[in-house]
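**Student:** Hey, dropping structure-v6.tsv in here, TSV, C-alpha atoms:
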chain	number	residue	atom	x	y	z
A	1244	MET	CA	61.98	-76.62	-23.36
A	1245	LYS	CA	61.56	-75.71	-19.69
A	1246	LYS	CA	62.36	-72.13	-18.63
A	1247	LYS	CA	63.52	-71.73	-15.07
A	1248	LEU	CA	61.02	-69.63	-13.19
A	1249	PHE	CA	63.95	-68.48	-11.06
A	1250	VAL	CA	65.17	-66.51	-14.06
A	1251	TYR	CA	62.14	-64.27	-14.29
A	1252	VAL	CA	61.90	-63.77	-10.53
A	1253	CYS	CA	65.60	-62.87	-10.58
A	1254	LEU	CA	65.07	-60.35	-13.35
A	1255	PHE	CA	62.26	-58.70	-11.45
A	1256	SER	CA	64.38	-58.65	-8.30
A	1257	LEU	CA	67.13	-56.86	-10.20
A	1258	LEU	CA	64.58	-54.50	-11.71
A	1259	PHE	CA	63.43	-53.41	-8.27
A	1260	GLY	CA	66.93	-53.20	-6.85
A	1261	ALA	CA	66.88	-56.35	-4.72
A	1262	ALA	CA	69.53	-59.01	-4.37
A	1263	CYS	CA	69.16	-62.11	-6.47
A	1264	SER	CA	70.24	-65.65	-5.69
A	1265	GLU	CA	68.63	-69.02	-6.18
A	1266	ASP	CA	68.66	-69.93	-2.51
A	1267	SER	CA	67.13	-66.60	-1.49
A	1268	ASP	CA	63.81	-67.20	-3.27
A	1269	PRO	CA	62.04	-70.29	-1.88
A	1270	ALA	CA	58.74	-69.21	-3.42
A	1271	SER	CA	60.19	-69.21	-6.91
A	1272	ALA	CA	61.89	-72.54	-6.28
A	1273	LYS	CA	58.56	-73.98	-5.15
A	1274	ASN	CA	56.76	-72.70	-8.24
A	1275	GLU	CA	59.51	-74.03	-10.49
A	1276	GLU	CA	59.17	-77.40	-8.82
A	1277	GLU	CA	55.39	-77.35	-9.34
A	1278	VAL	CA	55.67	-76.48	-13.04
A	1279	SER	CA	58.42	-79.02	-13.65
A	1280	SER	CA	56.38	-81.64	-11.85
A	1281	ALA	CA	53.36	-80.76	-13.98
A	1282	SER	CA	55.35	-81.14	-17.19
A	1283	GLU	CA	56.93	-84.39	-16.04
A	1284	ASP	CA	53.56	-85.84	-15.06
A	1285	ILE	CA	52.15	-84.92	-18.46
A	1286	ASP	CA	55.16	-86.41	-20.24
A	1287	GLU	CA	54.69	-89.64	-18.29
A	1288	GLU	CA	50.99	-89.76	-19.18
A	1289	GLU	CA	51.82	-89.06	-22.82
A	1290	SER	CA	54.41	-91.83	-23.00
A	1291	SER	CA	51.95	-94.29	-21.50
A	1292	SER	CA	49.18	-93.45	-24.00
A	1293	SER	CA	48.29	-95.89	-26.72
A	1294	THR	CA	49.93	-95.09	-30.04
A	1295	SER	CA	48.23	-97.73	-32.11
A	1296	ASP	CA	44.52	-97.02	-31.81
A	1297	GLU	CA	43.43	-96.20	-35.34
A	1298	ASN	CA	40.09	-94.92	-34.07
A	1299	LEU	CA	41.71	-91.89	-32.45
A	1300	ALA	CA	41.80	-88.53	-34.21
A	1301	ASP	CA	44.98	-87.27	-35.81
A	1302	TYR	CA	45.44	-83.87	-34.18
A	1303	ALA	CA	48.56	-83.02	-36.19
A	1304	PRO	CA	46.78	-80.25	-38.19
A	1305	ALA	CA	45.40	-78.55	-35.06
A	1306	ILE	CA	48.70	-78.89	-33.18
A	1307	ARG	CA	50.59	-77.42	-36.13
A	1308	MET	CA	48.23	-74.44	-36.42
A	1309	ASN	CA	48.28	-73.89	-32.67
A	1310	LYS	CA	52.06	-73.58	-32.84
A	1311	LEU	CA	51.75	-71.06	-35.68
A	1312	LEU	CA	49.40	-68.98	-33.53
A	1313	GLY	CA	51.90	-69.20	-30.69
A	1314	HIS	CA	51.73	-66.15	-28.47
A	1315	GLY	CA	49.38	-63.40	-29.58
A	1316	ILE	CA	47.24	-60.47	-28.54
A	1317	ASN	CA	43.60	-59.36	-28.77
A	1318	PHE	CA	42.41	-56.32	-30.69
A	1319	GLY	CA	39.30	-56.01	-28.55
A	1320	ASN	CA	36.55	-53.39	-28.21
A	1321	SER	CA	36.66	-52.59	-31.92
A	1322	TRP	CA	34.82	-54.95	-34.29
A	1323	ASP	CA	33.10	-56.40	-31.23
A	1324	ALA	CA	31.78	-53.02	-30.04
A	1325	SER	CA	28.08	-52.27	-29.92
A	1326	CYS	CA	26.58	-49.41	-31.92
A	1327	SER	CA	23.70	-47.02	-31.39
A	1328	ASN	CA	20.56	-47.66	-33.43
A	1329	THR	CA	21.30	-44.46	-35.35
A	1330	LEU	CA	24.74	-45.66	-36.33
A	1331	ILE	CA	23.38	-49.07	-37.33
A	1332	ALA	CA	20.62	-47.49	-39.43
A	1333	SER	CA	23.11	-45.27	-41.21
A	1334	GLY	CA	25.22	-48.28	-42.24
A	1335	ASP	CA	28.26	-46.77	-40.51
A	1336	CYS	CA	28.40	-49.27	-37.64
A	1337	LEU	CA	31.79	-50.89	-38.19
A	1338	ASP	CA	34.65	-51.08	-35.66
A	1339	ASN	CA	33.89	-47.58	-34.37
A	1340	GLY	CA	30.96	-48.22	-32.04
A	1341	TRP	CA	33.04	-47.52	-28.95
A	1342	ASN	CA	35.19	-44.92	-30.72
A	1343	HIS	CA	38.03	-47.40	-30.84
A	1344	PRO	CA	38.52	-48.44	-34.48
A	1345	ILE	CA	41.53	-50.60	-35.29
A	1346	GLN	CA	44.41	-48.57	-36.73
A	1347	ASP	CA	46.49	-50.09	-39.52
A	1348	GLU	CA	49.76	-49.26	-37.79
A	1349	TRP	CA	48.80	-51.37	-34.75
A	1350	PHE	CA	49.59	-54.54	-36.67
A	1351	GLN	CA	53.20	-53.50	-37.29
A	1352	ILE	CA	53.57	-52.41	-33.67
A	1353	VAL	CA	52.44	-55.83	-32.50
A	1354	LYS	CA	54.64	-57.59	-35.04
A	1355	ASP	CA	57.70	-55.56	-34.04
A	1356	ALA	CA	57.14	-56.45	-30.40
A	1357	GLY	CA	57.37	-60.14	-31.28
A	1358	PHE	CA	53.75	-61.29	-31.13
A	1359	GLN	CA	52.97	-64.11	-33.54
A	1360	SER	CA	49.24	-63.75	-34.16
A	1361	ILE	CA	46.20	-61.55	-33.56
A	1362	ARG	CA	42.74	-62.43	-32.29
A	1363	ILE	CA	40.06	-60.15	-33.75
A	1364	PRO	CA	36.74	-60.37	-31.87
A	1365	VAL	CA	33.76	-59.53	-34.11
A	1366	ARG	CA	30.13	-58.79	-33.25
A	1367	TRP	CA	28.42	-59.90	-36.45
A	1368	ASN	CA	24.80	-60.16	-35.36
A	1369	GLN	CA	23.90	-56.54	-34.60
A	1370	THR	CA	24.19	-55.43	-38.24
A	1371	ALA	CA	22.86	-58.62	-39.82
A	1372	LEU	CA	19.25	-58.96	-40.89
A	1373	ASN	CA	16.93	-60.39	-38.25
A	1374	GLU	CA	14.94	-62.46	-40.71
A	1375	PRO	CA	15.98	-65.02	-43.35
A	1376	PRO	CA	18.41	-65.05	-45.05
A	1377	TYR	CA	20.00	-63.15	-42.12
A	1378	THR	CA	22.37	-61.32	-44.45
A	1379	ILE	CA	25.49	-60.03	-42.70
A	1380	GLN	CA	26.70	-56.49	-43.31
A	1381	LYS	CA	28.86	-56.32	-46.44
A	1382	ALA	CA	31.00	-53.46	-45.13
A	1383	ARG	CA	31.72	-55.43	-41.96
A	1384	VAL	CA	32.91	-58.42	-43.98
A	1385	GLU	CA	35.11	-56.18	-46.11
A	1386	GLY	CA	36.57	-54.40	-43.07
A	1387	VAL	CA	37.40	-57.60	-41.20
A	1388	ARG	CA	38.87	-59.10	-44.36
A	1389	GLU	CA	41.13	-56.08	-44.72
A	1390	ASP	CA	42.39	-56.43	-41.15
A	1391	VAL	CA	43.08	-60.12	-41.64
A	1392	LYS	CA	45.00	-59.28	-44.81
A	1393	ILE	CA	47.14	-56.72	-42.97
A	1394	ALA	CA	47.98	-59.26	-40.28
A	1395	ASN	CA	48.78	-61.89	-42.92
A	1396	SER	CA	50.97	-59.48	-44.87
A	1397	LEU	CA	53.20	-59.30	-41.80
A	1398	GLY	CA	53.33	-63.05	-41.42
A	1399	MET	CA	50.79	-63.20	-38.60
A	1400	PRO	CA	47.77	-65.51	-38.74
A	1401	ALA	CA	44.51	-64.13	-37.38
A	1402	ILE	CA	41.56	-65.50	-35.44
A	1403	ILE	CA	38.04	-64.18	-36.07
A	1404	ASN	CA	35.09	-65.18	-33.95
A	1405	MET	CA	31.44	-64.62	-33.05
A	1406	HIS	CA	31.71	-62.19	-30.12
A	1407	HIS	CA	29.15	-60.60	-27.76
A	1408	TYR	CA	26.17	-62.45	-29.26
A	1409	ASN	CA	24.06	-61.49	-26.26
A	1410	GLU	CA	20.79	-62.32	-27.98
A	1411	LEU	CA	21.92	-65.91	-28.55
A	1412	TYR	CA	23.07	-66.28	-24.94
A	1413	ASP	CA	19.59	-65.22	-23.77
A	1414	ASP	CA	17.44	-66.93	-26.42
A	1415	PRO	CA	19.22	-69.74	-28.26
A	1416	ASN	CA	15.98	-71.16	-29.66
A	1417	GLY	CA	15.06	-67.83	-31.20
A	1418	GLN	CA	18.56	-67.06	-32.49
A	1419	LYS	CA	20.11	-70.36	-33.55
A	1420	GLU	CA	18.97	-70.20	-37.17
A	1421	LYS	CA	20.49	-66.75	-37.50
A	1422	PHE	CA	23.66	-68.02	-35.82
A	1423	TYR	CA	23.96	-70.89	-38.30
A	1424	ALA	CA	23.16	-68.65	-41.29
A	1425	MET	CA	25.80	-66.12	-40.28
A	1426	TRP	CA	28.46	-68.82	-39.95
A	1427	GLU	CA	27.55	-70.14	-43.37
A	1428	GLN	CA	28.10	-66.65	-44.80
A	1429	ILE	CA	31.31	-65.98	-42.83
A	1430	ALA	CA	32.77	-69.31	-43.86
A	1431	GLU	CA	31.99	-68.60	-47.51
A	1432	ALA	CA	33.30	-65.01	-47.34
A	1433	PHE	CA	36.66	-66.03	-45.84
A	1434	LYS	CA	37.24	-69.40	-47.50
A	1435	ASP	CA	39.86	-67.97	-49.86
A	1436	PHE	CA	42.27	-67.27	-46.99
A	1437	SER	CA	44.86	-70.00	-46.65
A	1438	ASN	CA	44.41	-72.48	-43.83
A	1439	ASP	CA	47.66	-71.26	-42.25
A	1440	SER	CA	46.51	-67.63	-42.20
A	1441	LEU	CA	43.11	-67.68	-40.53
A	1442	VAL	CA	41.27	-69.55	-37.76
A	1443	PHE	CA	37.52	-69.49	-37.09
A	1444	GLU	CA	36.36	-69.38	-33.45
A	1445	VAL	CA	32.74	-70.53	-33.23
A	1446	LEU	CA	31.31	-68.58	-30.27
A	1447	ASN	CA	32.88	-66.43	-27.58
A	1448	GLU	CA	31.91	-66.82	-23.93
A	1449	SER	CA	28.55	-68.57	-24.08
A	1450	ARG	CA	26.67	-68.25	-20.84
A	1451	GLY	CA	23.22	-68.74	-19.33
A	1452	GLU	CA	20.61	-70.20	-21.65
A	1453	SER	CA	22.98	-70.81	-24.57
A	1454	ASP	CA	25.12	-73.05	-22.35
A	1455	LYS	CA	22.25	-75.51	-22.22
A	1456	GLN	CA	22.51	-75.98	-25.99
A	1457	LEU	CA	26.18	-75.18	-26.50
A	1458	ALA	CA	27.18	-78.65	-27.73
A	1459	GLU	CA	24.45	-78.53	-30.37
A	1460	LEU	CA	25.27	-74.95	-31.39
A	1461	THR	CA	29.00	-75.62	-31.59
A	1462	ASN	CA	28.85	-78.89	-33.46
A	1463	LYS	CA	26.29	-77.65	-35.97
A	1464	ALA	CA	28.48	-74.60	-36.66
A	1465	ILE	CA	31.48	-76.88	-37.17
A	1466	GLU	CA	29.45	-78.94	-39.64
A	1467	ILE	CA	28.47	-75.77	-41.54
A	1468	ILE	CA	32.02	-74.44	-41.64
A	1469	ARG	CA	33.41	-77.74	-42.87
A	1470	LYS	CA	31.25	-77.61	-46.02
A	1471	SER	CA	33.19	-74.65	-47.44
A	1472	ASN	CA	36.36	-74.82	-45.32
A	1473	PRO	CA	37.19	-78.53	-44.99
A	1474	LYS	CA	40.76	-77.91	-43.79
A	1475	ARG	CA	40.24	-74.72	-41.78
A	1476	THR	CA	41.34	-74.85	-38.13
A	1477	ILE	CA	38.37	-74.21	-35.87
A	1478	MET	CA	38.49	-72.98	-32.28
A	1479	VAL	CA	35.79	-73.74	-29.74
A	1480	ASN	CA	35.10	-71.92	-26.49
A	1481	PRO	CA	33.53	-73.87	-23.58
A	1482	GLY	CA	30.55	-72.58	-21.62
A	1483	ASN	CA	30.25	-70.34	-18.56
A	1484	TYR	CA	32.28	-67.54	-20.16
A	1485	GLY	CA	34.86	-69.87	-21.69
A	1486	LYS	CA	35.81	-72.00	-18.69
A	1487	PHE	CA	38.32	-74.68	-19.70
A	1488	GLU	CA	36.88	-77.19	-17.24
A	1489	LEU	CA	33.67	-77.41	-19.29
A	1490	MET	CA	35.44	-78.57	-22.47
A	1491	GLY	CA	34.09	-82.11	-22.16
A	1492	ASP	CA	30.50	-80.87	-22.26
A	1493	LEU	CA	30.98	-79.76	-25.87
A	1494	ASN	CA	31.03	-83.38	-27.08
A	1495	LEU	CA	33.22	-82.40	-30.01
A	1496	PRO	CA	33.60	-84.74	-32.98
A	1497	LYS	CA	36.18	-87.43	-32.29
A	1498	ASP	CA	37.17	-87.72	-35.95
A	1499	ASP	CA	38.06	-84.07	-36.61
A	1500	GLY	CA	41.73	-83.43	-35.93
A	1501	ASN	CA	41.66	-79.73	-36.76
A	1502	ILE	CA	39.95	-78.27	-33.69
A	1503	ILE	CA	41.56	-76.25	-30.89
A	1504	ILE	CA	39.96	-75.73	-27.48
A	1505	SER	CA	40.27	-72.05	-26.55
A	1506	GLY	CA	39.40	-71.21	-22.96
A	1507	HIS	CA	39.66	-67.99	-20.97
A	1508	TYR	CA	41.64	-67.75	-17.76
A	1509	TYR	CA	41.17	-64.83	-15.37
A	1510	GLU	CA	41.85	-66.54	-12.07
A	1511	PRO	CA	41.69	-65.33	-9.41
A	1512	PHE	CA	38.82	-63.25	-10.72
A	1513	TYR	CA	38.84	-60.86	-7.77
A	1514	TYR	CA	42.34	-59.81	-8.84
A	1515	SER	CA	42.02	-59.82	-12.62
A	1516	HIS	CA	38.69	-57.97	-12.72
A	1517	GLN	CA	39.06	-55.56	-9.81
A	1518	GLY	CA	37.54	-52.24	-10.64
A	1519	HIS	CA	35.11	-54.01	-12.99
A	1520	ASN	CA	33.36	-56.90	-11.26
A	1521	SER	CA	35.07	-56.64	-7.87
A	1522	ALA	CA	36.41	-53.91	-5.62
A	1523	CYS	CA	39.93	-52.56	-5.84
A	1524	GLY	CA	42.51	-53.54	-3.28
A	1525	SER	CA	43.93	-56.88	-4.43
A	1526	VAL	CA	47.67	-56.98	-5.13
A	1527	TRP	CA	49.32	-59.93	-6.89
A	1528	ASP	CA	52.15	-61.49	-4.90
A	1529	GLU	CA	54.29	-63.79	-7.04
A	1530	ASN	CA	55.92	-65.08	-3.85
A	1531	ASN	CA	52.63	-66.39	-2.52
A	1532	THR	CA	53.03	-70.07	-3.31
A	1533	LYS	CA	49.37	-70.80	-2.64
A	1534	LYS	CA	48.32	-68.46	-5.44
A	1535	THR	CA	51.04	-69.39	-7.94
A	1536	THR	CA	50.60	-73.10	-7.30
A	1537	ALA	CA	46.87	-72.71	-8.00
A	1538	ILE	CA	47.73	-71.55	-11.53
A	1539	VAL	CA	49.96	-74.59	-12.05
A	1540	THR	CA	47.23	-76.87	-10.73
A	1541	ASP	CA	44.54	-75.30	-12.91
A	1542	LEU	CA	46.43	-75.39	-16.19
A	1543	LYS	CA	47.80	-78.87	-15.56
A	1544	LYS	CA	44.23	-80.02	-14.88
A	1545	TYR	CA	43.03	-78.56	-18.19
A	1546	VAL	CA	45.71	-80.47	-20.11
A	1547	ALA	CA	44.71	-83.68	-18.34
A	1548	MET	CA	41.06	-83.03	-19.16
A	1549	ALA	CA	41.84	-82.48	-22.85
A	1550	ARG	CA	43.84	-85.69	-22.95
A	1551	ALA	CA	41.01	-87.63	-21.31
A	1552	ALA	CA	38.12	-86.11	-23.30
A	1553	TYR	CA	39.80	-85.79	-26.71
A	1554	PRO	CA	42.71	-88.26	-27.01
A	1555	GLY	CA	44.57	-88.46	-30.29
A	1556	LYS	CA	47.03	-90.67	-32.09
A	1557	ASN	CA	50.52	-91.14	-30.70
A	1558	GLY	CA	49.61	-89.84	-27.26
A	1559	THR	CA	48.42	-86.46	-28.51
A	1560	TYR	CA	45.22	-84.64	-27.60
A	1561	MET	CA	43.14	-81.73	-28.82
A	1562	PRO	CA	45.46	-78.71	-28.30
A	1563	LEU	CA	44.71	-75.85	-25.95
A	1564	ASN	CA	44.78	-72.10	-26.43
A	1565	MET	CA	44.19	-69.44	-23.79
A	1566	GLY	CA	42.17	-67.03	-25.89
A	1567	GLU	CA	41.88	-64.40	-23.17
A	1568	PHE	CA	43.70	-63.62	-19.94
A	1569	GLY	CA	44.87	-60.40	-18.36
A	1570	ALA	CA	44.56	-58.01	-15.44
A	1571	SER	CA	42.50	-54.87	-14.98
A	1572	SER	CA	44.32	-51.56	-15.08
A	1573	LYS	CA	41.60	-49.73	-13.16
A	1574	CYS	CA	43.11	-50.15	-9.69
A	1575	ALA	CA	46.66	-48.88	-10.21
A	1576	ALA	CA	46.36	-46.42	-7.32
A	1577	GLU	CA	45.44	-49.25	-4.97
A	1578	GLY	CA	48.52	-51.33	-5.81
A	1579	ALA	CA	47.56	-53.19	-8.98
A	1580	ASP	CA	49.80	-50.97	-11.06
A	1581	GLU	CA	51.72	-51.78	-14.22
A	1582	ALA	CA	54.51	-53.62	-12.42
A	1583	ASN	CA	52.04	-55.64	-10.38
A	1584	ARG	CA	50.01	-56.58	-13.43
A	1585	ALA	CA	53.23	-57.67	-15.11
A	1586	THR	CA	53.99	-60.10	-12.29
A	1587	TYR	CA	50.52	-61.61	-12.65
A	1588	LEU	CA	50.86	-61.97	-16.42
A	1589	GLU	CA	54.19	-63.70	-15.93
A	1590	SER	CA	52.77	-66.07	-13.35
A	1591	VAL	CA	50.20	-67.23	-15.91
A	1592	ILE	CA	52.34	-67.17	-19.06
A	1593	SER	CA	55.30	-69.02	-17.58
A	1594	VAL	CA	53.08	-71.98	-16.71
A	1595	ALA	CA	51.14	-71.91	-19.99
A	1596	ASN	CA	54.37	-71.99	-21.98
A	1597	GLU	CA	55.66	-74.96	-19.98
A	1598	LEU	CA	52.48	-76.87	-20.78
A	1599	ASP	CA	52.36	-75.94	-24.49
A	1600	ILE	CA	49.21	-73.87	-24.08
A	1601	THR	CA	49.27	-71.05	-26.62
A	1602	TRP	CA	47.78	-67.69	-25.65
A	1603	HIS	CA	46.34	-64.33	-26.66
A	1604	VAL	CA	46.61	-61.68	-23.97
A	1605	TRP	CA	43.66	-59.35	-23.39
A	1606	GLY	CA	44.39	-56.93	-24.72
A	1607	PHE	CA	46.21	-54.38	-26.85
A	1608	THR	CA	44.67	-51.02	-26.00
A	1609	GLY	CA	41.34	-49.45	-25.03
A	1610	VAL	CA	40.10	-52.48	-23.08
A	1611	ASP	CA	41.03	-51.47	-19.49
A	1612	PHE	CA	43.42	-54.44	-19.45
A	1613	ASP	CA	45.84	-52.62	-21.71
A	1614	THR	CA	49.38	-53.58	-22.59
A	1615	TYR	CA	49.80	-50.58	-24.94
A	1616	ASN	CA	49.03	-46.95	-24.08
A	1617	TYR	CA	47.52	-45.33	-27.19
A	1618	ASN	CA	46.74	-41.63	-27.29
A	1619	TRP	CA	43.79	-40.95	-29.60
A	1620	ALA	CA	44.49	-37.22	-29.72
A	1621	THR	CA	48.03	-37.63	-31.03
A	1622	LYS	CA	47.49	-41.02	-32.72
A	1623	LYS	CA	50.66	-42.19	-31.00
A	1624	GLY	CA	51.40	-44.54	-28.17
A	1625	GLU	CA	53.87	-46.79	-26.43
A	1626	TRP	CA	53.96	-50.15	-24.72
A	1627	TYR	CA	53.73	-50.16	-20.96
A	1628	PRO	CA	57.45	-50.76	-20.41
A	1629	THR	CA	57.38	-53.26	-17.54
A	1630	ILE	CA	54.57	-55.26	-19.11
A	1631	ILE	CA	56.14	-55.51	-22.56
A	1632	LYS	CA	59.53	-56.37	-21.03
A	1633	THR	CA	57.83	-59.24	-19.24
A	1634	LEU	CA	55.86	-60.43	-22.28
A	1635	LYS	CA	58.87	-60.34	-24.57
A	1636	LYS	CA	60.62	-62.96	-22.44
A	1637	TYR	CA	57.93	-65.44	-23.47
A	1638	LEU	CA	57.20	-64.44	-27.07
Re-express the file's structure as structure tokens.

**Tutor:**
Amino acid sequence: MKKKLFVYVCLFSLLFGAACSEDSDPASAKNEEEVSSASEDIDEEESSSSTSDENLADYAPAIRMNKLLGHGINFGNSWDASCSNTLIASGDCLDNGWNHPIQDEWFQIVKDAGFQSIRIPVRWNQTALNEPPYTIQKARVEGVREDVKIANSLGMPAIINMHHYNELYDDPNGQKEKFYAMWEQIAEAFKDFSNDSLVFEVLNESRGESDKQLAELTNKAIEIIRKSNPKRTIMVNPGNYGKFELMGDLNLPKDDGNIIISGHYYEPFYYSHQGHNSACGSVWDENNTKKTTAIVTDLKKYVAMARAAYPGKNGTYMPLNMGEFGASSKCAAEGADEANRATYLESVISVANELDITWHVWGFTGVDFDTYNYNWATKKGEWYPTIIKTLKKYL
């Protein structure tokens, strides 16, 4: 199962015209040792876990679905875009609020590249009624359903979520009834999709006030979804913008074996979000063992936390998905160019794959963390070659 990290460092060395030998790359050897050690430690913990406790959840359904999701990509800044009041009033607020509507051909492009699934963020609340029964926009339901169908027709399961619910983050007491009512409608509207074809993600990147009630909000939504979708796999996102380390605070049901924890990983943030939330000037160095070892330590810690907080039968635990990760493309001129972003993505993905953490890279195109360069004038595009070459090694 283990992929030698030397292999990918070697490939990059060849790509840039450098010599390649195992004994010439101590940084890669160190990182390989760290990842192998992480996997061995986890295997030892797993083998020592109790396999006879009948009170533990059977996570086989969630583990199976997580493997089907595998390695995917986000179609962001489309259904999750905000709209002007004029566009909302006209009823034309769909996935075009940021002039970035999803194109049908994108699904085939992603499929052909080798991705296994697609995460479709959706901002449901802005076009839903603000008073009972909080009816969600019919055209939005139909549009998202169509996109899920296209993904499914190509053999790719999809994830849909509740994205950018800023009003709930700020005022959970004033918005929770609307939140619950929308999930009741979404669950009903999508219940005819097979359990292998669609996953529901309860709430994306809670923060601030909603974090104080996130366990209540999440568990009530799970209860609502289960009424119409008893066997649907559900994803949950921890608080503070999806930080894995807060998974235990969700107090998820111990008897539901069809839940996946989906966290977001953008560490170090000063690198991944430069040009957005931090200044340009940070360059990723895959030979810096302090930085690469930090990724190993982080992801290994998250697995250990899942095992401790949500243990399952036969040494299993609630499975993990990295729903978002990536690197800003805004600072290419300062060194964080395509090749540099590719090395960062590989540093994260290689460890996640070793630890059986599935992932959905952020994102496809139009998100400033792009892996695909789409030209809206010509309606044509191409993958960033170094990035897709890197990703394909792990798909």

**Student:** Residues at most 6 Å from Asp1301 (chain A), counting all atoms listed in the file, excluding those fewer than 5 positions away in the same chain, as a list in words?

**Tutor:** Gly1500, Gly1555 and Lys1556 of chain A

**Student:** Tell me, in Å to one decimal, how far CA of Ala1300 (chain A) is from CA of Asp1599 (chain A).

**Tutor:** 19.1 Å

**Student:** Which value, in Å to one decimal, gives the distance between CA of Gly1334 (chain A) and CA of Lys1421 (chain A)?

**Tutor:**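 So the two atoms, CA of Gly1334 (chain A) and CA of Lys1421 (chain A), lie 19.6 Å apart.
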
**Student:** Write out as CSV the residues of region 1556-1627 of chain A that have any atom within 7 Å of an atom of region 1319-1325 of chain A, one row each with the nearest atom pair and its distance in Å to one decimal, counting all atoms listed in the file, sorted by chain and then rising number.

**Tutor:**
residue,atom,partner,partner_atom,distance
A:Gly1606,CA,A:Gly1319,CA,6.4
A:Gly1609,CA,A:Asn1320,CA,7.0
A:Val1610,CA,A:Asn1320,CA,6.3

**Student:** Excluding Ala1303 (chain A) and any residue of its chain fewer than 6 positions from it, enumerate the residues within 12 Å of it, using all atoms listed in the file, and give them as a PyMOL selection string.

**Tutor:** chain A and resi 1309-1310+1476+1499-1503+1555-1562

**Student:** Between A:Ile1465, A:Val1353, A:Val1526, A:Ile1600, which residue has the minimum interatomic distance to Lys1635 (chain A), considering only C-alpha atoms?

**Tutor:**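 Among the listed residues, the smallest separation from Lys1635 (chain A) belongs to A:Val1353.
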
**Student:** What does the distance between CA of Glu1488 (chain A) and CA of Arg1475 (chain A) come to in Å, to one decimal place?

**Tutor:**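 About the pair CA of Glu1488 (chain A) and CA of Arg1475 (chain A): they are 24.9 Å apart.
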
**Student:** So, counting only C-alpha atoms, which residue among A:Lys1463, A:Arg1362, A:His1519, A:Lys1392 is closest to Trp1605 (chain A)?

**Tutor:**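 Residue with the minimum atom-to-atom distance to Trp1605 (chain A): A:Arg1362.
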
**Student:** Restore N, CA and C atoms in region 1438-1450 of chain A and list the result as a PDB file, keeping the file's coordinate frame.

**Tutor:**
ATOM      1  N   ASN A1438      44.689 -71.851 -45.117  1.00  0.00           N
ATOM      2  CA  ASN A1438      44.410 -72.480 -43.830  1.00  0.00           C
ATOM      3  C   ASN A1438      45.440 -72.097 -42.773  1.00  0.00           C
ATOM      4  N   ASP A1439      46.622 -71.677 -43.193  1.00  0.00           N
ATOM      5  CA  ASP A1439      47.660 -71.260 -42.250  1.00  0.00           C
ATOM      6  C   ASP A1439      47.481 -69.812 -41.798  1.00  0.00           C
ATOM      7  N   SER A1440      46.597 -69.067 -42.454  1.00  0.00           N
ATOM      8  CA  SER A1440      46.510 -67.630 -42.200  1.00  0.00           C
ATOM      9  C   SER A1440      45.325 -67.203 -41.366  1.00  0.00           C
ATOM     10  N   LEU A1441      44.350 -68.091 -41.180  1.00  0.00           N
ATOM     11  CA  LEU A1441      43.110 -67.680 -40.530  1.00  0.00           C
ATOM     12  C   LEU A1441      42.463 -68.854 -39.801  1.00  0.00           C
ATOM     13  N   VAL A1442      41.990 -68.573 -38.588  1.00  0.00           N
ATOM     14  CA  VAL A1442      41.270 -69.550 -37.760  1.00  0.00           C
ATOM     15  C   VAL A1442      39.884 -68.993 -37.464  1.00  0.00           C
ATOM     16  N   PHE A1443      38.878 -69.862 -37.472  1.00  0.00           N
ATOM     17  CA  PHE A1443      37.520 -69.490 -37.090  1.00  0.00           C
ATOM     18  C   PHE A1443      37.252 -69.943 -35.647  1.00  0.00           C
ATOM     19  N   GLU A1444      36.778 -69.031 -34.818  1.00  0.00           N
ATOM     20  CA  GLU A1444      36.360 -69.380 -33.450  1.00  0.00           C
ATOM     21  C   GLU A1444      34.833 -69.282 -33.392  1.00  0.00           C
ATOM     22  N   VAL A1445      34.187 -70.383 -33.039  1.00  0.00           N
ATOM     23  CA  VAL A1445      32.740 -70.530 -33.230  1.00  0.00           C
ATOM     24  C   VAL A1445      31.916 -69.541 -32.423  1.00  0.00           C
ATOM     25  N   LEU A1446      32.151 -69.446 -31.114  1.00  0.00           N
ATOM     26  CA  LEU A1446      31.310 -68.580 -30.270  1.00  0.00           C
ATOM     27  C   LEU A1446      32.087 -68.215 -29.018  1.00  0.00           C
ATOM     28  N   ASN A1447      32.165 -66.930 -28.749  1.00  0.00           N
ATOM     29  CA  ASN A1447      32.880 -66.430 -27.580  1.00  0.00           C
ATOM     30  C   ASN A1447      31.996 -66.385 -26.343  1.00  0.00           C
ATOM     31  N   GLU A1448      32.479 -66.965 -25.267  1.00  0.00           N
ATOM     32  CA  GLU A1448      31.910 -66.820 -23.930  1.00  0.00           C
ATOM     33  C   GLU A1448      30.393 -67.039 -23.858  1.00  0.00           C
ATOM     34  N   SER A1449      29.945 -68.192 -24.322  1.00  0.00           N
ATOM     35  CA  SER A1449      28.550 -68.570 -24.080  1.00  0.00           C
ATOM     36  C   SER A1449      28.294 -68.566 -22.581  1.00  0.00           C
ATOM     37  N   ARG A1450      27.044 -68.231 -22.249  1.00  0.00           N
ATOM     38  CA  ARG A1450      26.670 -68.250 -20.840  1.00  0.00           C
ATOM     39  C   ARG A1450      25.147 -68.343 -20.721  1.00  0.00           C
TER      40      ARG A1450
END
